[in-house]
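Q: Just so it is clear, I am handing over work.cif, which has mmCIF, C-alpha atoms.
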data_query
#
loop_
_atom_site.group_PDB
_atom_site.id
_atom_site.type_symbol
_atom_site.label_atom_id
_atom_site.label_comp_id
_atom_site.auth_asym_id
_atom_site.auth_seq_id
_atom_site.Cartn_x
_atom_site.Cartn_y
_atom_site.Cartn_z
ATOM 1 C CA MET O 1 84.756 96.047 84.097
ATOM 2 C CA ARG O 2 84.894 99.588 82.784
ATOM 3 C CA LYS O 3 87.341 102.004 84.405
ATOM 4 C CA LYS O 4 84.525 104.470 84.999
ATOM 5 C CA ASP O 5 82.792 101.816 87.105
ATOM 6 C CA VAL O 6 85.944 101.239 89.154
ATOM 7 C CA TYR O 7 86.257 104.975 89.871
ATOM 8 C CA GLU O 8 82.677 104.999 91.100
ATOM 9 C CA ILE O 9 83.343 101.951 93.277
ATOM 10 C CA LEU O 10 86.318 103.694 94.916
ATOM 11 C CA VAL O 11 84.358 106.892 95.525
ATOM 12 C CA ASN O 12 81.449 104.970 97.059
ATOM 13 C CA ASN O 13 83.662 102.736 99.219
ATOM 14 C CA PRO O 14 86.117 104.957 101.094
ATOM 15 C CA ILE O 15 87.581 102.131 103.201
ATOM 16 C CA ILE O 16 89.599 99.408 101.491
ATOM 17 C CA ALA O 17 90.574 96.261 103.368
ATOM 18 C CA ALA O 18 94.272 95.537 102.829
ATOM 19 C CA VAL O 19 94.942 91.853 103.516
ATOM 20 C CA SER O 20 98.272 90.099 103.872
ATOM 21 C CA ASP O 21 97.192 86.459 104.263
ATOM 22 C CA ARG O 22 94.233 84.085 103.827
ATOM 23 C CA GLU O 23 93.082 84.500 107.429
ATOM 24 C CA LYS O 24 92.821 88.284 106.956
ATOM 25 C CA LEU O 25 91.070 87.714 103.640
ATOM 26 C CA ASP O 26 88.411 85.594 105.360
ATOM 27 C CA LYS O 27 87.845 88.415 107.864
ATOM 28 C CA ALA O 28 87.693 91.023 105.096
ATOM 29 C CA LEU O 29 85.101 88.955 103.232
ATOM 30 C CA LYS O 30 82.864 89.121 106.326
ATOM 31 C CA SER O 31 83.446 92.859 106.768
ATOM 32 C CA PRO O 32 81.370 95.632 105.189
ATOM 33 C CA CYS O 33 84.341 96.598 102.979
ATOM 34 C CA GLU O 34 83.450 96.204 99.311
ATOM 35 C CA VAL O 35 87.031 96.646 98.047
ATOM 36 C CA ILE O 36 90.012 94.482 98.992
ATOM 37 C CA PHE O 37 93.696 95.015 98.260
ATOM 38 C CA MET O 38 95.313 91.564 98.180
ATOM 39 C CA LEU O 39 98.882 92.017 99.430
ATOM 40 C CA TYR O 40 99.833 88.354 99.316
ATOM 41 C CA GLY O 41 99.447 85.258 97.194
ATOM 42 C CA ASP O 42 101.322 82.831 95.079
ATOM 43 C CA ILE O 43 101.079 81.114 91.742
ATOM 44 C CA PHE O 44 99.119 78.231 93.294
ATOM 45 C CA THR O 45 96.537 80.100 95.405
ATOM 46 C CA LEU O 46 95.984 83.446 93.695
ATOM 47 C CA LYS O 47 93.162 82.367 91.392
ATOM 48 C CA GLU O 48 91.239 80.677 94.227
ATOM 49 C CA ASP O 49 91.608 83.649 96.566
ATOM 50 C CA VAL O 50 90.621 86.193 93.909
ATOM 51 C CA GLN O 51 87.602 84.057 93.024
ATOM 52 C CA ALA O 52 86.592 83.937 96.704
ATOM 53 C CA VAL O 53 86.439 87.736 96.725
ATOM 54 C CA LEU O 54 84.485 87.868 93.475
ATOM 55 C CA ASP O 55 82.085 85.197 94.776
ATOM 56 C CA HIS O 56 81.320 87.528 97.702
ATOM 57 C CA GLU O 57 80.489 90.239 95.137
ATOM 58 C CA LYS O 58 83.381 92.390 96.256
ATOM 59 C CA TYR O 59 86.192 93.976 94.254
ATOM 60 C CA VAL O 60 89.781 92.790 94.472
ATOM 61 C CA PHE O 61 93.013 94.496 93.479
ATOM 62 C CA VAL O 62 96.083 92.256 93.357
ATOM 63 C CA HIS O 63 99.403 93.771 94.406
ATOM 64 C CA LEU O 64 101.628 92.432 91.627
ATOM 65 C CA ASP O 65 104.898 93.083 93.457
ATOM 66 C CA LEU O 66 103.890 90.837 96.375
ATOM 67 C CA ILE O 67 102.685 87.735 94.515
ATOM 68 C CA LYS O 68 105.139 84.830 94.777
ATOM 69 C CA GLY O 69 105.950 82.680 91.770
ATOM 70 C CA PHE O 70 105.218 85.328 89.146
ATOM 71 C CA SER O 71 107.877 87.586 87.743
ATOM 72 C CA ASN O 72 107.191 91.304 87.676
ATOM 73 C CA ASP O 73 106.811 91.546 83.934
ATOM 74 C CA ALA O 74 104.215 92.126 81.262
ATOM 75 C CA TYR O 75 103.588 88.400 80.683
ATOM 76 C CA SER O 76 102.650 87.812 84.308
ATOM 77 C CA LEU O 77 100.398 90.855 84.253
ATOM 78 C CA LYS O 78 98.656 89.678 81.103
ATOM 79 C CA TYR O 79 98.181 86.184 82.567
ATOM 80 C CA ILE O 80 96.781 87.584 85.831
ATOM 81 C CA GLN O 81 94.401 89.873 83.965
ATOM 82 C CA GLU O 82 93.153 87.259 81.490
ATOM 83 C CA GLU O 83 93.130 84.105 83.640
ATOM 84 C CA ILE O 84 92.675 85.283 87.232
ATOM 85 C CA LYS O 85 90.565 88.352 86.444
ATOM 86 C CA PRO O 86 90.934 90.680 89.436
ATOM 87 C CA SER O 87 89.108 94.014 89.419
ATOM 88 C CA GLY O 88 92.488 95.727 89.073
ATOM 89 C CA VAL O 89 96.115 95.649 90.107
ATOM 90 C CA VAL O 90 98.454 97.553 92.413
ATOM 91 C CA THR O 91 102.168 98.025 91.761
ATOM 92 C CA THR O 92 105.104 100.259 92.564
ATOM 93 C CA LYS O 93 106.679 99.531 89.180
ATOM 94 C CA THR O 94 106.262 102.191 86.497
ATOM 95 C CA SER O 95 106.836 99.634 83.728
ATOM 96 C CA LEU O 96 103.889 97.562 84.991
ATOM 97 C CA VAL O 97 101.691 100.651 85.225
ATOM 98 C CA LYS O 98 102.398 101.352 81.547
ATOM 99 C CA LYS O 99 101.690 97.744 80.541
ATOM 100 C CA ALA O 100 98.496 97.594 82.627
ATOM 101 C CA LYS O 101 97.235 100.701 80.862
ATOM 102 C CA GLU O 102 98.015 99.127 77.470
ATOM 103 C CA LEU O 103 95.965 96.081 78.538
ATOM 104 C CA ASN O 104 93.137 98.354 79.762
ATOM 105 C CA CYS O 105 93.551 96.978 83.275
ATOM 106 C CA PHE O 106 92.693 99.346 86.142
ATOM 107 C CA VAL O 107 96.004 100.097 87.850
ATOM 108 C CA VAL O 108 96.830 101.713 91.168
ATOM 109 C CA GLN O 109 100.408 102.933 91.457
ATOM 110 C CA ARG O 110 101.712 102.732 95.000
ATOM 111 C CA LEU O 111 104.128 105.520 96.000
ATOM 112 C CA PHE O 112 106.239 105.575 99.146
ATOM 113 C CA ILE O 113 106.766 109.162 100.260
ATOM 114 C CA LEU O 114 109.910 109.490 102.343
ATOM 115 C CA ASP O 115 110.898 113.124 101.839
ATOM 116 C CA SER O 116 110.256 116.193 99.670
ATOM 117 C CA LYS O 117 112.241 114.704 96.779
ATOM 118 C CA SER O 118 110.037 111.629 96.716
ATOM 119 C CA ILE O 119 106.939 113.861 96.564
ATOM 120 C CA LEU O 120 108.293 115.612 93.471
ATOM 121 C CA ALA O 121 109.440 112.332 91.903
ATOM 122 C CA GLY O 122 106.031 110.791 92.607
ATOM 123 C CA ILE O 123 104.197 113.686 90.983
ATOM 124 C CA GLN O 124 106.465 113.463 87.922
ATOM 125 C CA THR O 125 105.859 109.726 87.662
ATOM 126 C CA ILE O 126 102.098 110.179 87.886
ATOM 127 C CA HIS O 127 102.201 112.781 85.119
ATOM 128 C CA GLN O 128 104.359 110.529 82.936
ATOM 129 C CA VAL O 129 102.473 107.234 83.242
ATOM 130 C CA THR O 130 99.023 108.408 84.442
ATOM 131 C CA PRO O 131 97.929 105.452 86.557
ATOM 132 C CA ASP O 132 94.178 105.160 87.098
ATOM 133 C CA ALA O 133 94.704 105.872 90.809
ATOM 134 C CA VAL O 134 97.645 106.370 93.121
ATOM 135 C CA GLU O 135 98.155 105.054 96.641
ATOM 136 C CA ILE O 136 100.292 107.261 98.875
ATOM 137 C CA MET O 137 102.144 105.643 101.750
ATOM 138 C CA PRO O 138 102.249 106.403 104.584
ATOM 139 C CA GLY O 139 98.706 107.681 104.542
ATOM 140 C CA VAL O 140 98.769 109.563 107.839
ATOM 141 C CA VAL O 141 100.278 112.778 106.479
ATOM 142 C CA PRO O 142 97.413 114.937 105.162
ATOM 143 C CA LYS O 143 99.876 117.646 104.066
ATOM 144 C CA ILE O 144 101.360 115.265 101.488
ATOM 145 C CA THR O 145 97.913 114.145 100.324
ATOM 146 C CA ARG O 146 96.890 117.786 99.777
ATOM 147 C CA GLU O 147 100.073 118.565 97.848
ATOM 148 C CA ILE O 148 99.777 115.576 95.532
ATOM 149 C CA ASN O 149 96.021 116.089 95.126
ATOM 150 C CA LYS O 150 96.634 119.636 93.870
ATOM 151 C CA ALA O 151 99.257 118.435 91.385
ATOM 152 C CA VAL O 152 97.562 115.426 89.768
ATOM 153 C CA ARG O 153 94.186 114.474 88.331
ATOM 154 C CA VAL O 154 93.832 110.864 89.485
ATOM 155 C CA PRO O 155 92.034 109.431 92.498
ATOM 156 C CA ILE O 156 94.256 109.247 95.554
ATOM 157 C CA ILE O 157 94.196 106.365 98.003
ATOM 158 C CA THR O 158 96.070 106.800 101.267
ATOM 159 C CA GLY O 159 97.422 103.737 103.026
ATOM 160 C CA GLY O 160 99.806 102.670 105.708
ATOM 161 C CA LEU O 161 99.620 103.405 109.435
ATOM 162 C CA ILE O 162 95.945 104.431 109.303
ATOM 163 C CA GLU O 163 94.451 103.121 112.534
ATOM 164 C CA SER O 164 91.714 105.527 113.629
ATOM 165 C CA LYS O 165 88.543 107.094 112.347
ATOM 166 C CA HIS O 166 90.159 110.504 112.882
ATOM 167 C CA GLU O 167 92.989 109.566 110.481
ATOM 168 C CA ILE O 168 90.424 108.433 107.891
ATOM 169 C CA ILE O 169 88.611 111.750 108.135
ATOM 170 C CA GLU O 170 91.890 113.695 107.862
ATOM 171 C CA SER O 171 92.873 111.758 104.744
ATOM 172 C CA LEU O 172 89.500 112.247 103.084
ATOM 173 C CA ASP O 173 89.446 115.952 104.018
ATOM 174 C CA ALA O 174 92.924 116.334 102.490
ATOM 175 C CA GLY O 175 91.665 115.051 99.139
ATOM 176 C CA ALA O 176 91.968 111.267 99.297
ATOM 177 C CA THR O 177 89.219 109.379 97.482
ATOM 178 C CA CYS O 178 89.568 106.450 99.868
ATOM 179 C CA ILE O 179 91.981 104.802 102.303
ATOM 180 C CA SER O 180 93.452 101.314 102.515
ATOM 181 C CA THR O 181 94.199 99.715 105.849
ATOM 182 C CA SER O 182 94.979 96.339 107.341
ATOM 183 C CA CYS O 183 93.510 97.508 110.676
ATOM 184 C CA GLU O 184 90.385 95.358 111.011
ATOM 185 C CA LYS O 185 88.533 97.685 113.404
ATOM 186 C CA ILE O 186 88.699 100.405 110.742
ATOM 187 C CA TRP O 187 86.986 98.127 108.214
ATOM 188 C CA TYR O 188 83.834 98.594 110.296
ATOM 189 C CA SER O 189 84.070 102.421 110.524
#
What do you get writing this file as structure tokens?

A:
Amino acid sequence: MRKKDVYEILVNNPIIAAVSDREKLDKALKSPCEVIFMLYGDIFTLKEDVQAVLDHEKYVFVHLDLIKGFSNDAYSLKYIQEEIKPSGVVTTKTSLVKKAKELNCFVVQRLFILDSKSILAGIQTIHQVTPDAVEIMPGVVPKITREINKAVRVPIITGGLIESKHEIIESLDAGATCISTSCEKIWYS
């Protein structure tokens, strides 16, 4: 899948279902969400679960840091990309962002914003490694979304603690391309 196509998918699907187990995945597959962030998995079930999403003609991004049985290195990333074939990956690790870009894999870098120093460090990291998109957590602080949106030229996904339609609208108005949430009622917004 071309990166340009993935950008378009994110723009056209502002709500991403974030799932942390197979039960949530089954619910997300029945939801109107076209994009799923898989925040769980293991070496034995990952391929089957990713294929289930693809069979439903939806897009799946695997969070590399949360998959059990794989190390967080370039070999695991290459195996996941070539053998499991998700639409893209999510990671907090700068080294994996760099490797994903070398492999032409769409990569979302997840940033945890705790204070003003982490905002500046996050912006620097984005400029250095240029992920294809960045996920800001927590996603309920539009001020941070605006600040990062002004400083970088990549799509921004906000995630974490988003539980209402109002919070979705605030995030999108602040410059987010889309939001990710595990809150099932929001998947139907």

Q: Could you name the residues that touch O:Thr94 at 9 Å or less, counting only C-alpha atoms, but leaving out those on the same chain fewer than 2 positions away, as number ranges by chain?

A: O: 91-92, 96-99, 109, 125, 129, 131

Q: Apply the PyMOL selection byres ((chain O and resi 43-55) around 7) to the structure shown and report the selected residues as a list in words.

A: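 Applied to this file, the PyMOL selection byres ((chain O and resi 43-55) around 7) returns Leu29, Gly41, Asp42, His56, Glu57, Lys58, Tyr59, Val60, Lys68, Gly69, Phe70, Ile84 and Pro86 of chain O.
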
Q: Evaluate the PyMOL selection byres ((chain O and resi 147) around 10) against this structure - the residues, as a short mmCIF file (atom, residue, chain, number, x, y, z; two decimals) with C-alpha atoms, in the coordinates of the input, please.

A:
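Wrote it out as selection-v7.cif, contents follow:
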data_model
loop_
_atom_site.label_atom_id
_atom_site.label_comp_id
_atom_site.auth_asym_id
_atom_site.auth_seq_id
_atom_site.Cartn_x
_atom_site.Cartn_y
_atom_site.Cartn_z
CA ILE O 119 106.94 113.86 96.56
CA LEU O 120 108.29 115.61 93.47
CA ILE O 123 104.20 113.69 90.98
CA PRO O 142 97.41 114.94 105.16
CA LYS O 143 99.88 117.65 104.07
CA ILE O 144 101.36 115.26 101.49
CA THR O 145 97.91 114.14 100.32
CA ARG O 146 96.89 117.79 99.78
CA ILE O 148 99.78 115.58 95.53
CA ASN O 149 96.02 116.09 95.13
CA LYS O 150 96.63 119.64 93.87
CA ALA O 151 99.26 118.44 91.38
CA VAL O 152 97.56 115.43 89.77
CA ALA O 174 92.92 116.33 102.49
CA GLY O 175 91.66 115.05 99.14
#

Q: Using only C-alpha atoms for the distances, tell me which of O:Leu39, O:Ile126, O:Met1, O:Ile162 is nearest to O:Glu184.

A: O:Ile162

Q: Applied to this file, what does the PyMOL selection byres ((chain O and resi 187) around 8) return in terms of residues, put as a PyMOL selection string?

A: chain O and resi 15-17+28+31-33+181+183-186+188-189

Q: May I ask for the distance between atom CA of O:Ala121 and atom CA of O:Leu172, given in Å to one decimal place?

A: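 Atom CA of O:Leu172 lies 22.9 Å from atom CA of O:Ala121.
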
Q: Measuring atom to atom with all atoms listed in the file, identify which of O:Ile113, O:Val35, O:Leu25, O:Ile67 is nearest to O:Val11.

A: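 Selected residue with least distance to O:Val11: O:Val35.
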
Q: Using only C-alpha atoms for the distances, tell me which of O:Ser116, O:Asn13, O:Thr130, O:Ser182 is nearest to O:Gly160.

A: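 Smallest separation from O:Gly160 among the options: O:Ser182.
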
Q: Looking at O:Glu23, O:Glu135, O:Glu167, O:Glu34, which one is nearest to O:Val90, with distances taken over only C-alpha atoms?

A: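 Going through O:Glu23, O:Glu135, O:Glu167, O:Glu34 one by one, the smallest distance to O:Val90 is for O:Glu135.
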
Q: Calculate how many Å separate atom CA of O:Gln128 from atom CA of O:Arg153, rounding to one decimal.

A: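 Atom CA of O:Arg153 lies 12.2 Å from atom CA of O:Gln128.
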
Q: Rank nothing, just name the residue among O:Ser180, O:Lys117, O:Gln124, O:Gln81 nearest to O:Met137, using all atoms listed in the file.

A: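 Nearest candidate to O:Met137 out of O:Ser180, O:Lys117, O:Gln124, O:Gln81: O:Ser180.
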
Q: Looking at O:Leu114, O:Tyr7, O:Lys30, O:Tyr40, which one is nearest to O:Val134, with distances taken over all atoms listed in the file?

A: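 That would be O:Tyr7, the residue with the smallest distance to O:Val134.
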
Q: I need every residue sitting at most 6 Å from the point (91.1, 105.2, 96.3) (coordinates as in the file, only C-alpha atoms considered), written as a list in words.

A: Leu10, Pro155, Ile156, Ile157, Thr177 and Cys178 of chain O
